[in-house]
$ cat data.txt   # compact mmCIF, C-alpha atoms
# COMPACT_ATOMS: atom_id res chain seq x y z
CA MET A 7 -52.01 289.15 122.21
CA ALA A 8 -53.44 286.68 119.74
CA LEU A 9 -55.81 285.45 122.41
CA VAL A 10 -56.99 288.98 123.14
CA LEU A 11 -57.40 289.69 119.45
CA SER A 12 -59.51 286.64 118.99
CA GLY A 13 -61.64 287.32 122.02
CA CYS A 14 -60.53 284.04 123.43
CA ALA A 15 -60.79 284.62 127.13
CA TYR A 16 -61.62 281.44 129.02
CA ASP A 17 -64.75 280.16 127.47
CA PRO A 18 -65.90 276.57 126.93
CA SER A 19 -67.32 277.35 123.49
CA PRO A 20 -65.34 276.40 120.36
CA GLY A 21 -62.52 278.78 119.49
CA LEU A 22 -58.77 278.93 119.66
CA SER A 23 -58.58 277.04 122.94
CA HIS A 24 -61.12 274.31 122.09
CA THR A 25 -62.09 272.67 118.84
CA ARG A 26 -65.75 272.07 118.07
CA ARG A 27 -65.31 268.42 119.03
CA GLU A 28 -63.55 269.26 122.29
CA ALA A 29 -66.24 271.76 123.23
CA ARG A 30 -68.83 268.98 123.04
CA ASN A 31 -67.01 267.15 125.78
CA PHE A 32 -67.96 269.75 128.34
CA GLU A 33 -71.08 269.27 130.39
CA CYS A 34 -72.33 272.77 131.05
CA GLN A 35 -75.09 274.16 133.17
CA ARG A 36 -75.96 277.63 134.33
CA LEU A 37 -75.98 278.20 138.07
CA GLY A 38 -76.87 281.17 140.23
CA GLN A 39 -73.82 282.83 141.74
CA GLU A 40 -74.68 281.66 145.25
CA GLU A 41 -74.92 278.01 144.26
CA ALA A 42 -71.89 278.30 142.00
CA HIS A 43 -69.87 279.76 144.90
CA ASP A 44 -71.01 276.94 147.18
CA ARG A 45 -69.80 274.37 144.67
CA TYR A 46 -66.68 276.15 143.46
CA PRO A 47 -65.64 278.56 146.22
CA GLY A 48 -62.15 279.05 144.79
CA ASP A 49 -63.37 280.06 141.36
CA ILE A 50 -66.64 281.88 141.95
CA PRO A 51 -66.69 284.76 144.46
CA PRO A 52 -69.51 284.98 146.99
CA VAL A 53 -72.51 287.16 146.28
CA PRO A 54 -71.86 290.67 147.63
CA PRO A 55 -74.31 291.39 150.47
CA ARG A 56 -75.77 294.42 148.70
CA GLN A 57 -76.53 292.33 145.65
CA MET A 58 -78.51 289.72 147.56
CA ALA A 59 -81.86 291.36 147.03
CA GLN A 60 -81.17 292.31 143.44
CA ALA A 61 -80.98 290.25 140.31
CA MET A 62 -78.46 287.46 140.78
CA THR A 63 -75.40 287.04 138.62
CA GLU A 64 -75.12 283.65 136.99
CA ALA A 65 -72.19 281.44 136.17
CA LEU A 66 -71.88 278.98 133.32
CA VAL A 67 -70.27 275.97 134.94
CA CYS A 68 -68.68 273.44 132.62
CA GLU A 69 -66.92 270.24 133.52
CA PRO A 70 -65.16 267.90 131.12
CA ARG A 71 -66.74 264.49 130.76
CA PHE A 72 -64.95 261.59 132.42
CA ILE A 73 -65.26 259.65 129.19
CA SER A 74 -65.07 261.43 125.87
CA ILE A 75 -68.36 261.52 123.99
CA ASP A 76 -66.86 259.64 121.05
CA ASP A 77 -65.44 256.78 123.09
CA ARG A 78 -68.68 254.82 123.34
CA ALA A 79 -71.51 254.14 120.93
CA PRO A 80 -74.13 256.94 121.10
CA ARG A 81 -76.82 254.65 122.52
CA ASP A 82 -74.50 253.25 125.20
CA GLU A 83 -73.29 256.74 126.08
CA ALA A 84 -76.85 258.07 126.36
CA ILE A 85 -77.98 255.16 128.53
CA LEU A 86 -74.93 255.17 130.78
CA SER A 87 -74.74 258.94 131.21
CA THR A 88 -78.12 258.98 132.98
CA LEU A 89 -78.09 255.42 134.28
CA ARG A 90 -78.42 256.17 137.95
CA ARG A 91 -81.27 258.63 137.48
CA ASP A 92 -83.20 256.43 135.07
CA VAL A 93 -82.71 253.18 136.95
CA GLY A 94 -83.52 254.95 140.21
CA ALA A 95 -86.85 256.15 138.82
CA LEU A 96 -87.72 252.74 137.38
CA THR A 97 -86.86 250.78 140.53
CA GLU A 98 -88.78 253.25 142.65
CA LEU A 99 -91.83 252.79 140.48
CA ALA A 100 -91.43 249.01 140.40
CA SER A 101 -91.01 248.68 144.14
CA THR A 102 -94.04 250.94 144.73
CA LEU A 103 -96.15 248.77 142.43
CA THR A 104 -94.91 245.55 144.03
CA PRO A 105 -95.01 245.89 147.81
CA GLY A 106 -94.39 243.10 150.30
CA ALA A 107 -91.56 240.94 151.56
CA LEU A 108 -90.42 239.55 148.24
CA VAL A 109 -87.09 238.42 146.89
CA TRP A 110 -86.16 240.51 143.86
CA HIS A 111 -84.41 239.06 140.84
CA VAL A 112 -83.08 241.50 138.29
CA ASP A 113 -81.91 241.19 134.73
CA ALA A 114 -81.30 243.66 131.92
CA PHE A 115 -81.97 243.03 128.24
CA TYR A 116 -79.74 245.19 126.16
CA PRO A 117 -77.86 244.38 122.95
CA GLU A 118 -74.45 245.04 124.52
CA GLN A 119 -73.70 242.59 127.31
CA ALA A 120 -71.27 244.90 129.11
CA VAL A 121 -73.88 247.66 129.29
CA ALA A 122 -76.59 245.17 130.28
CA SER A 123 -74.46 244.13 133.25
CA LYS A 124 -74.07 247.74 134.36
CA ILE A 125 -77.82 248.31 134.12
CA SER A 126 -78.51 245.17 136.11
CA ILE A 127 -76.01 246.01 138.84
CA ALA A 128 -77.34 249.56 139.08
CA ALA A 129 -80.90 248.26 139.55
CA LYS A 130 -79.84 245.71 142.16
CA THR A 131 -77.97 248.39 144.08
CA GLU A 132 -80.96 250.73 143.96
CA LEU A 133 -83.32 248.03 145.22
CA PHE A 134 -80.91 247.01 147.97
CA GLU A 135 -80.62 250.63 149.07
CA ARG A 136 -84.42 250.72 149.29
CA GLY A 137 -84.27 247.85 151.75
CA ARG A 138 -85.42 245.14 149.35
CA ALA A 139 -84.11 241.58 149.46
CA VAL A 140 -82.18 241.16 146.23
CA SER A 141 -81.00 237.86 144.81
CA ASP A 142 -77.89 237.41 142.70
CA ARG A 143 -79.56 234.58 140.84
CA VAL A 144 -80.73 235.44 137.34
CA PRO A 145 -83.76 233.40 136.25
CA THR A 146 -83.08 231.34 133.15
CA LEU A 147 -85.16 229.14 130.88
CA ALA A 148 -84.51 226.02 128.86
CA ALA A 149 -83.05 226.36 125.38
CA GLY A 150 -86.36 225.28 123.81
CA ASP A 151 -88.18 228.13 125.54
CA ILE A 152 -85.58 230.62 124.42
CA SER A 153 -85.82 229.38 120.87
CA VAL A 154 -89.55 230.16 120.91
CA LEU A 155 -89.14 233.46 122.76
CA SER A 156 -86.52 234.74 120.36
CA ARG A 157 -89.08 234.52 117.54
CA LEU A 158 -91.72 236.51 119.42
CA PRO A 159 -92.04 240.30 119.30
CA PRO A 160 -90.90 241.96 122.53
CA ASN A 161 -94.43 242.62 123.76
CA GLN A 162 -95.16 238.87 123.78
CA ALA A 163 -91.67 237.61 124.61
CA TYR A 164 -91.50 239.09 128.11
CA ALA A 165 -95.02 238.03 129.07
CA THR A 166 -94.42 234.50 127.79
CA ALA A 167 -91.07 234.28 129.54
CA CYS A 168 -92.76 235.35 132.76
CA THR A 169 -95.35 232.61 132.44
CA ARG A 170 -92.60 230.06 131.81
CA TYR A 171 -90.52 231.27 134.79
CA PHE A 172 -93.46 230.51 137.06
CA ALA A 173 -94.49 227.28 135.36
CA GLU A 174 -90.94 225.94 135.53
CA HIS A 175 -90.63 226.99 139.20
CA VAL A 176 -87.71 229.24 138.30
CA LEU A 177 -89.60 231.89 140.25
CA GLY A 178 -91.91 231.12 143.16
CA GLU A 179 -94.72 232.86 145.00
CA HIS A 180 -92.32 235.00 147.00
CA ASP A 181 -90.13 235.97 144.08
CA VAL A 182 -90.48 238.95 141.84
CA PHE A 183 -88.51 239.56 138.69
CA LEU A 184 -87.61 243.03 137.47
CA GLY A 185 -86.58 243.26 133.84
CA LEU A 186 -85.01 246.39 132.41
CA MET A 187 -84.68 246.72 128.69
CA VAL A 188 -84.71 248.72 125.51
CA VAL A 189 -87.66 247.47 123.50
CA ASP A 190 -86.32 248.86 120.23
CA PRO A 191 -82.61 249.18 119.48
CA ARG A 192 -83.11 252.78 118.36
CA GLU A 193 -84.15 253.85 121.85
CA THR A 194 -81.94 255.51 124.40
CA GLN A 195 -84.52 255.17 127.15
CA LEU A 196 -84.95 252.18 129.42
CA HIS A 197 -88.23 250.43 130.07
CA ALA A 198 -89.04 248.11 132.92
CA GLY A 199 -91.47 245.34 133.61
CA VAL A 200 -92.25 243.21 136.63
CA CYS A 201 -93.00 239.48 136.66
CA GLN A 202 -94.85 238.24 139.71
CA ALA A 203 -96.77 234.99 140.09
CA GLY A 204 -96.52 234.34 136.37
CA LYS A 205 -97.97 237.67 135.36
CA TRP A 206 -95.98 240.26 133.46
CA ARG A 207 -96.71 243.93 133.96
CA TRP A 208 -95.00 246.82 132.23
CA VAL A 209 -93.87 249.46 134.68
CA GLN A 210 -92.85 252.10 132.17
CA MET B 21 -82.14 273.74 108.37
CA LEU B 22 -83.84 276.40 110.39
CA LEU B 23 -81.95 278.13 113.10
CA TYR B 24 -84.32 280.63 114.54
CA GLY B 25 -83.43 282.90 117.39
CA THR B 26 -80.02 283.85 116.15
CA ARG B 27 -80.80 287.38 115.13
CA PRO B 28 -79.62 288.91 118.34
CA VAL B 29 -77.94 291.96 116.91
CA THR B 30 -78.71 294.72 119.32
CA PRO B 31 -78.84 298.30 118.03
CA ARG B 32 -75.56 299.11 119.75
CA LEU B 33 -73.74 296.22 118.14
CA LEU B 34 -75.49 296.82 114.86
CA PHE B 35 -74.18 300.34 114.90
CA ALA B 36 -70.72 299.11 115.71
CA CYS B 37 -70.82 296.53 112.95
CA LEU B 38 -72.16 299.03 110.45
CA ALA B 39 -69.47 301.51 111.37
CA LEU B 40 -66.88 299.01 110.33
CA VAL B 41 -69.05 297.36 107.81
CA THR B 42 -66.66 295.71 105.44
CA ALA B 43 -63.57 295.88 107.53
CA SER B 44 -65.02 293.69 110.22
CA GLY B 45 -65.96 290.03 110.31
CA CYS B 46 -68.25 288.02 112.54
CA ILE B 47 -67.93 284.45 113.70
CA THR B 48 -70.57 282.48 115.54
CA VAL B 49 -69.98 279.33 117.52
CA TYR B 50 -72.51 276.91 118.95
CA GLN B 51 -72.28 275.03 122.18
CA PRO B 52 -74.86 272.42 123.15
CA LEU B 53 -76.13 272.78 126.69
CA VAL B 54 -78.73 270.82 128.65
CA SER B 55 -80.11 267.79 126.77
CA LEU B 56 -78.53 268.75 123.45
CA GLN B 57 -75.24 267.47 124.89
CA ARG B 58 -76.70 263.96 125.12
CA PRO B 59 -76.05 261.66 122.18
CA PHE B 60 -79.00 260.20 120.28
CA ALA B 61 -79.40 256.88 118.50
CA VAL B 62 -82.38 257.49 116.23
CA ASP B 63 -81.41 258.08 112.61
CA PRO B 64 -83.68 260.89 111.32
CA GLU B 65 -83.32 259.53 107.79
CA LEU B 66 -85.07 256.20 108.53
CA ALA B 67 -88.80 255.43 108.59
CA ASN B 68 -89.15 255.75 112.35
CA PHE B 69 -92.80 256.84 112.35
CA GLU B 70 -94.46 254.63 109.80
CA GLY B 71 -98.23 254.66 110.29
CA GLN B 72 -98.06 257.45 112.85
CA ASN B 73 -100.12 260.65 112.76
CA ILE B 74 -98.22 263.52 114.28
CA LEU B 75 -99.57 266.97 115.05
CA VAL B 76 -96.83 269.56 115.52
CA ARG B 77 -97.85 272.67 117.39
CA CYS B 78 -95.40 275.59 117.36
CA VAL B 79 -96.49 278.15 119.90
CA PRO B 80 -95.33 281.72 119.25
CA GLY B 81 -94.26 283.68 122.28
CA ASP B 82 -92.14 286.58 123.46
CA TYR B 83 -89.07 285.16 121.80
CA VAL B 84 -90.44 283.15 118.89
CA GLU B 85 -92.51 285.38 116.64
CA LEU B 86 -95.26 284.15 114.38
CA PRO B 87 -93.17 283.85 111.17
CA ASP B 88 -90.45 281.99 113.07
CA ALA B 89 -93.03 279.63 114.57
CA GLN B 90 -94.48 278.98 111.11
CA GLN B 91 -91.05 278.30 109.69
CA LEU B 92 -90.20 275.98 112.59
CA CYS B 93 -93.43 274.06 112.06
CA GLN B 94 -92.65 273.72 108.38
CA GLN B 95 -89.23 272.30 109.21
CA MET B 96 -90.79 269.92 111.72
CA ARG B 97 -93.27 268.74 109.11
CA GLU B 98 -90.41 267.95 106.74
CA LEU B 99 -88.49 266.22 109.53
CA TYR B 100 -91.28 263.84 110.52
CA GLU B 101 -92.60 263.31 106.99
CA ALA B 102 -89.12 262.23 105.97
CA GLN B 103 -89.49 259.56 108.68
CA SER B 104 -92.79 258.33 107.16
CA ALA B 105 -95.20 260.07 109.54
CA LYS B 106 -98.38 261.81 108.45
CA VAL B 107 -98.01 265.33 109.78
CA GLU B 108 -100.24 268.32 110.42
CA THR B 109 -98.97 271.57 111.84
CA ASP B 110 -100.64 274.19 113.99
CA VAL B 111 -99.39 277.66 114.85
CA PRO B 112 -101.91 278.98 117.35
CA ARG B 113 -102.44 282.73 117.25
CA LYS B 114 -103.68 284.96 120.00
CA ASN B 115 -107.44 284.71 120.52
CA THR B 116 -107.68 281.61 118.39
CA GLY B 117 -108.02 278.06 119.61
CA PHE B 118 -106.02 275.04 118.61
CA LEU B 119 -106.39 273.54 115.17
CA THR B 120 -108.99 270.86 114.58
CA THR B 121 -106.99 268.15 112.87
CA LYS B 122 -108.12 266.05 109.94
CA PHE B 123 -106.81 262.92 111.63
CA LYS B 124 -106.67 261.61 115.19
CA PRO B 125 -103.08 262.29 116.16
CA ASP B 126 -101.00 259.55 117.77
CA LEU B 127 -98.53 262.15 118.99
CA ILE B 128 -98.97 265.87 119.63
CA VAL B 129 -95.61 267.61 119.66
CA GLU B 130 -95.76 271.05 121.27
CA LEU B 131 -92.82 273.42 120.92
CA ARG B 132 -92.22 276.64 122.83
CA GLY B 133 -89.04 278.67 122.48
CA ARG B 134 -87.52 280.75 125.26
CA LEU B 135 -84.63 283.16 125.46
CA LEU B 136 -82.64 282.27 128.57
CA LYS B 137 -79.94 284.87 128.38
CA ARG B 138 -78.59 287.57 126.13
CA GLU B 139 -75.42 289.36 127.01
CA THR B 140 -73.23 291.75 125.08
CA SER B 141 -69.83 293.22 125.76
CA ASN B 142 -69.89 296.29 127.94
CA PHE B 143 -69.59 299.86 126.74
CA LEU B 144 -65.81 300.04 127.27
CA ILE B 145 -65.19 296.95 125.15
CA ASN B 146 -67.43 298.32 122.42
CA LEU B 147 -65.47 301.57 122.55
CA LEU B 148 -62.18 299.70 122.25
CA PHE B 149 -63.70 297.72 119.38
CA LEU B 150 -64.39 300.94 117.51
CA ALA B 151 -61.13 302.61 118.51
CA SER B 152 -59.06 299.62 117.42
CA ALA B 153 -60.85 299.42 114.06
CA SER B 154 -62.34 296.12 115.22
CA LEU B 155 -59.02 294.47 116.08
CA ILE B 156 -60.28 294.10 119.62
CA PRO B 157 -63.42 292.01 119.36
CA THR B 158 -66.80 292.58 120.85
CA THR B 159 -68.98 289.67 121.83
CA GLU B 160 -72.61 288.78 122.05
CA GLU B 161 -73.82 285.64 123.77
CA ILE B 162 -77.29 284.18 123.73
CA GLU B 163 -78.76 281.08 125.29
CA ILE B 164 -82.03 279.65 124.07
CA ALA B 165 -84.28 276.84 125.22
CA GLN B 166 -86.76 274.90 123.16
CA ASP B 167 -89.30 273.30 125.47
CA VAL B 168 -90.84 270.18 123.99
CA ILE B 169 -93.85 268.34 125.33
CA ILE B 170 -95.23 265.30 123.55
CA ARG B 171 -98.69 264.05 124.40
CA ASP B 172 -101.03 261.43 123.04
CA ALA B 173 -104.49 262.25 121.66
CA SER B 174 -106.03 262.09 125.16
CA GLY B 175 -103.58 264.71 126.41
CA PHE B 176 -101.44 262.30 128.45
CA GLN B 177 -97.84 263.48 128.55
CA LEU B 178 -95.52 260.91 127.03
CA ALA B 179 -92.25 262.81 126.91
CA GLN B 180 -90.88 266.21 127.66
CA ASP B 181 -87.54 267.93 127.51
CA SER B 182 -85.91 271.31 127.29
CA LEU B 183 -83.26 271.51 124.59
CA GLN B 184 -80.84 274.30 125.38
CA ALA B 185 -78.09 275.84 123.31
CA ARG B 186 -75.60 278.64 123.62
CA PHE B 187 -74.37 280.78 120.76
CA VAL B 188 -71.41 283.09 121.04
CA ARG B 189 -71.02 285.64 118.29
CA GLN B 190 -67.79 287.59 118.08
CA TYR B 191 -67.43 290.67 115.89
CA GLY B 192 -64.17 292.07 114.65
CA LEU B 193 -61.51 291.88 112.04
CA GLY B 194 -59.03 290.51 114.56
CA VAL B 195 -61.13 287.59 115.69
CA TRP B 196 -62.21 286.75 112.19
CA GLY B 197 -58.70 287.04 110.76
CA VAL B 198 -57.05 284.87 113.38
CA ASN B 199 -59.71 282.17 113.14
CA ALA B 200 -59.75 282.24 109.35
CA LEU B 201 -55.98 281.73 109.39
CA VAL B 202 -56.22 278.86 111.88
CA ASP B 203 -59.06 277.34 109.81
CA LEU B 204 -56.90 277.54 106.73
CA ILE B 205 -53.75 276.11 108.26
CA VAL B 206 -54.63 273.96 111.27
CA ARG B 207 -58.26 272.93 111.61
CA PRO B 208 -59.67 270.04 109.63
CA LYS B 209 -62.59 270.86 107.33
CA ASN B 210 -65.28 269.60 109.70
CA GLN B 211 -63.85 271.59 112.62
CA LYS B 212 -63.68 275.03 111.03
CA ILE B 213 -64.99 277.92 113.12
CA THR B 214 -65.64 280.52 110.45
CA GLY B 215 -68.57 279.91 108.14
CA ASP B 216 -71.90 278.33 109.00
CA GLY B 217 -70.70 275.08 110.59
CA TYR B 218 -72.50 276.13 113.78
CA ARG B 219 -75.83 275.99 111.93
CA ARG B 220 -75.19 272.46 110.74
CA ASP B 221 -74.08 271.31 114.20
CA PHE B 222 -77.10 272.85 115.88
CA SER B 223 -79.52 271.51 113.29
CA ALA B 224 -78.08 268.00 113.56
CA ASP B 225 -78.43 268.07 117.36
CA PHE B 226 -81.79 269.80 117.44
CA TYR B 227 -83.60 267.72 114.85
CA GLY B 228 -81.91 264.54 115.96
CA HIS B 229 -83.15 265.05 119.50
CA LEU B 230 -86.63 265.99 118.35
CA SER B 231 -86.74 262.77 116.33
CA GLU B 232 -85.54 260.75 119.27
CA LEU B 233 -87.93 262.39 121.70
CA ALA B 234 -90.89 261.63 119.43
CA PHE B 235 -89.66 258.07 119.00
CA HIS B 236 -89.40 257.65 122.77
CA ALA B 237 -92.92 259.01 123.12
CA ARG B 238 -94.12 256.52 120.54
CA MET B 239 -92.50 253.60 122.39
CA ARG B 240 -93.83 254.78 125.73
CA SER B 241 -97.30 255.02 124.27
CA ALA B 242 -97.00 251.48 122.91
CA ILE B 243 -95.96 250.18 126.33
CA MET B 244 -98.68 252.09 128.13
CA HIS B 245 -101.26 250.51 125.88
CA GLU B 246 -99.61 247.10 126.34
CA PHE B 247 -98.78 247.03 122.64
CA ASP B 248 -102.45 246.85 121.66
CA GLN B 249 -101.34 248.15 118.29
CA PRO B 250 -98.43 246.14 116.90
CA LEU B 251 -95.26 248.03 116.19
CA THR B 252 -95.07 248.58 112.49
CA VAL B 253 -91.31 248.60 112.55
CA ALA B 254 -89.96 245.67 114.51
CA PRO B 255 -86.46 245.87 115.94
CA PRO B 256 -83.84 243.88 114.04
CA ALA B 257 -83.87 240.32 115.35
CA SER B 258 -80.14 240.31 115.88
CA THR B 259 -80.34 243.05 118.47
CA ALA B 260 -83.72 242.36 120.04
CA PRO B 261 -82.97 241.26 123.59
CA VAL B 262 -84.55 238.07 124.90
CA PRO B 263 -84.46 236.31 128.28
CA LYS B 264 -81.47 234.13 128.94
CA ALA B 265 -81.20 230.38 128.41
CA LYS B 266 -80.04 227.96 131.07
CA PRO B 267 -76.34 227.33 130.76
$ encode --input "data.txt" --output "structure tokens"
Amino acid sequence: MALVLSGCAYDPSPGLSHTRREARNFECQRLGQEEAHDRYPGDIPPVPPRQMAQAMTEALVCEPRFISIDDRAPRDEAILSTLRRDVGALTELASTLTPGALVWHVDAFYPEQAVASKISIAAKTELFERGRAVSDRVPTLAAGDISVLSRLPPNQAYATACTRYFAEHVLGEHDVFLGLMVVDPRETQLHAGVCQAGKWRWVQ
Amino acid sequence: MLLYGTRPVTPRLLFACLALVTASGCITVYQPLVSLQRPFAVDPELANFEGQNILVRCVPGDYVELPDAQQLCQQMRELYEAQSAKVETDVPRKNTGFLTTKFKPDLIVELRGRLLKRETSNFLINLLFLASASLIPTTEEIEIAQDVIIRDASGFQLAQDSLQARFVRQYGLGVWGVNALVDLIVRPKNQKITGDGYRRDFSADFYGHLSELAFHARMRSAIMHEFDQPLTVAPPASTAPVPKAKP
């Protein structure tokens, strides 16, 4: 009775059944009834045949997040929640800009090492699925180089590192290096750049 | 902060509310939908746009009327100025062109609001609402989208998104009473349902995302131009990623 009084039929919005914080842990999107029925046939009835030609009923479909929104830092959560989509777009662009039978080396530059590893693995997987030869080797430089690079702004650091990779024969003529990074720690978007034959080029 | 588009009281519901004017209460809850659900990392209280010229264009439409667009633009001006940007605003009217700005904008932020859905309880529920002296609640639900496109001065699109939100407004003494009681006894202060907490939540999400979107556009512009203009705010050295050293 209390539920009826409070208008609290099943609804993902905050109310008696969900707190404001809990309601934020739903990922909601509005679907047409036909699509909603295809995805959730037990919950959403099919579109009645007579209704097909008329305006479609919609369903608000909400699913709880696998990981609560408060469990990770906001930047990590934002990056990881769209990782596949973002990395997919960046690797597609990078591989279009760098055609040929090349061996791809991938590394991610992100303040949190655990997240950087996930970004790197996601990019390697995407490239492999596109039929590219992907190396597990991560190009590295001498400590002296890193000491200099760490004092440079990001726009110069990556280009200089690329030059050094080639000069030190860390990367050869048939190697290409894909770097994925956040340029500024306040960003929740990934950028990418490609290093080939000692030349650094920003992809996005 | 501004929360436009939440004046969805239809004549039928208005009548119902007026009929029970003081005996009834209303509660509104906010639920972030597409894009607004995503966390953001930009702090809108920091100088994120130092040295940047931003033109904010709020386009009135079927859903966002001219005064609302002007108010939104004013809020956007305050938002970006608080982050050290130089801001001009433009509310284009019908039969008039876009504003000629005093400066060359680095970013042009264009905002267009849309009503995605508005739904009210059916006639029977409204009848029960009246018959029960508002113990049985009646509901109104609206979903809005704020389409954002950010371009540079040449018109190149740097970022775009559609920020969507859902508001559920319930009318009735029953719904208000039960929630007020639960607020008083159970819910912590920052989780209360009655009151205007929904406005604060929406504003925090909305303006936070608009700050972040503009910041992303700024970074994308810098990368597109190969950093030909140095970033005026360098990332903290402790978190700036650099290539790895040999073990």
$ interface_residues --input "data.txt" --of "chain A" --to "chain B" --cutoff "6 Å" --atoms "all atoms listed in the file" --output "list in words"
Leu11, Ser12, Gly13, Ser19, Arg26, Cys34, Pro80, Arg81, Ala84, Phe115, Tyr116, Pro117, Thr146, Leu147, Ala148, Ala149, Ile152, Ser156, Asp190 and Arg192 of chain A
$ residues_around --input "data.txt" --residues "Leu155 of chain A" --least-positions-apart "2" --cutoff "8 Å" --atoms "all atoms listed in the file" --output "count of residues only"
10
$ atom_distance --input "data.txt" --atom1 "atom CA of Thr102 of chain A" --atom2 "atom CA of Arg90 of chain A"
17.8 Å
$ atom_distance --input "data.txt" --atom1 "atom CA of Ile85 of chain A" --atom2 "atom CA of Gln195 of chain A"
6.7 Å
$ residues_around --input "data.txt" --residues "Arg238 of chain B" --least-positions-apart "4" --cutoff "9 Å" --atoms "all atoms listed in the file" --output "PyMOL selection string"
chain B and resi 69+72+126-127+172+178+233-234+242-243
$ residues_around --input "data.txt" --residues "segment 127-139 of chain A" --least-positions-apart "2" --cutoff "12 Å" --atoms "only C-alpha atoms" --output "PyMOL selection string"
chain A and resi 85-86+88-102+104-114+120-125+141-144+180-187+196+198
$ atom_distance --input "data.txt" --atom1 "atom CA of Gln202 of chain A" --atom2 "atom CA of Gln177 of chain B"
27.8 Å
$ decode --input "data.txt" --residues "segment 201-214 of chain B" --atoms "N, CA and C atoms" --output "short mmCIF file (atom, residue, chain, number, x, y, z; two decimals), in the first residue's frame"
data_model
loop_
_atom_site.label_atom_id
_atom_site.label_comp_id
_atom_site.auth_asym_id
_atom_site.auth_seq_id
_atom_site.Cartn_x
_atom_site.Cartn_y
_atom_site.Cartn_z
N LEU B 201 8.64 11.54 5.20
CA LEU B 201 8.88 10.74 6.40
C LEU B 201 10.17 9.94 6.26
N VAL B 202 10.34 9.32 5.09
CA VAL B 202 11.57 8.52 4.87
C VAL B 202 12.80 9.45 4.87
N ASP B 203 12.65 10.64 4.29
CA ASP B 203 13.76 11.62 4.31
C ASP B 203 14.13 11.95 5.75
N LEU B 204 13.11 12.12 6.56
CA LEU B 204 13.34 12.55 7.94
C LEU B 204 14.00 11.45 8.76
N ILE B 205 13.57 10.20 8.52
CA ILE B 205 14.01 9.11 9.39
C ILE B 205 15.20 8.34 8.82
N VAL B 206 15.15 8.04 7.53
CA VAL B 206 16.08 7.06 6.96
C VAL B 206 17.19 7.69 6.11
N ARG B 207 16.81 8.53 5.17
CA ARG B 207 17.79 8.96 4.16
C ARG B 207 18.79 9.97 4.73
N PRO B 208 20.06 9.80 4.36
CA PRO B 208 21.03 10.83 4.75
C PRO B 208 20.72 12.14 4.04
N LYS B 209 21.31 13.22 4.53
CA LYS B 209 20.95 14.56 4.05
C LYS B 209 21.17 14.70 2.54
N ASN B 210 22.26 14.13 2.04
CA ASN B 210 22.57 14.31 0.61
C ASN B 210 21.80 13.34 -0.29
N GLN B 211 20.93 12.54 0.31
CA GLN B 211 20.15 11.59 -0.49
C GLN B 211 18.65 11.86 -0.40
N LYS B 212 18.28 12.98 0.15
CA LYS B 212 16.86 13.27 0.33
C LYS B 212 16.16 13.45 -1.02
N ILE B 213 14.92 13.03 -1.08
CA ILE B 213 14.15 13.09 -2.33
C ILE B 213 13.32 14.37 -2.40
N THR B 214 12.70 14.73 -1.28
CA THR B 214 11.92 15.96 -1.30
C THR B 214 12.88 17.15 -1.34
#
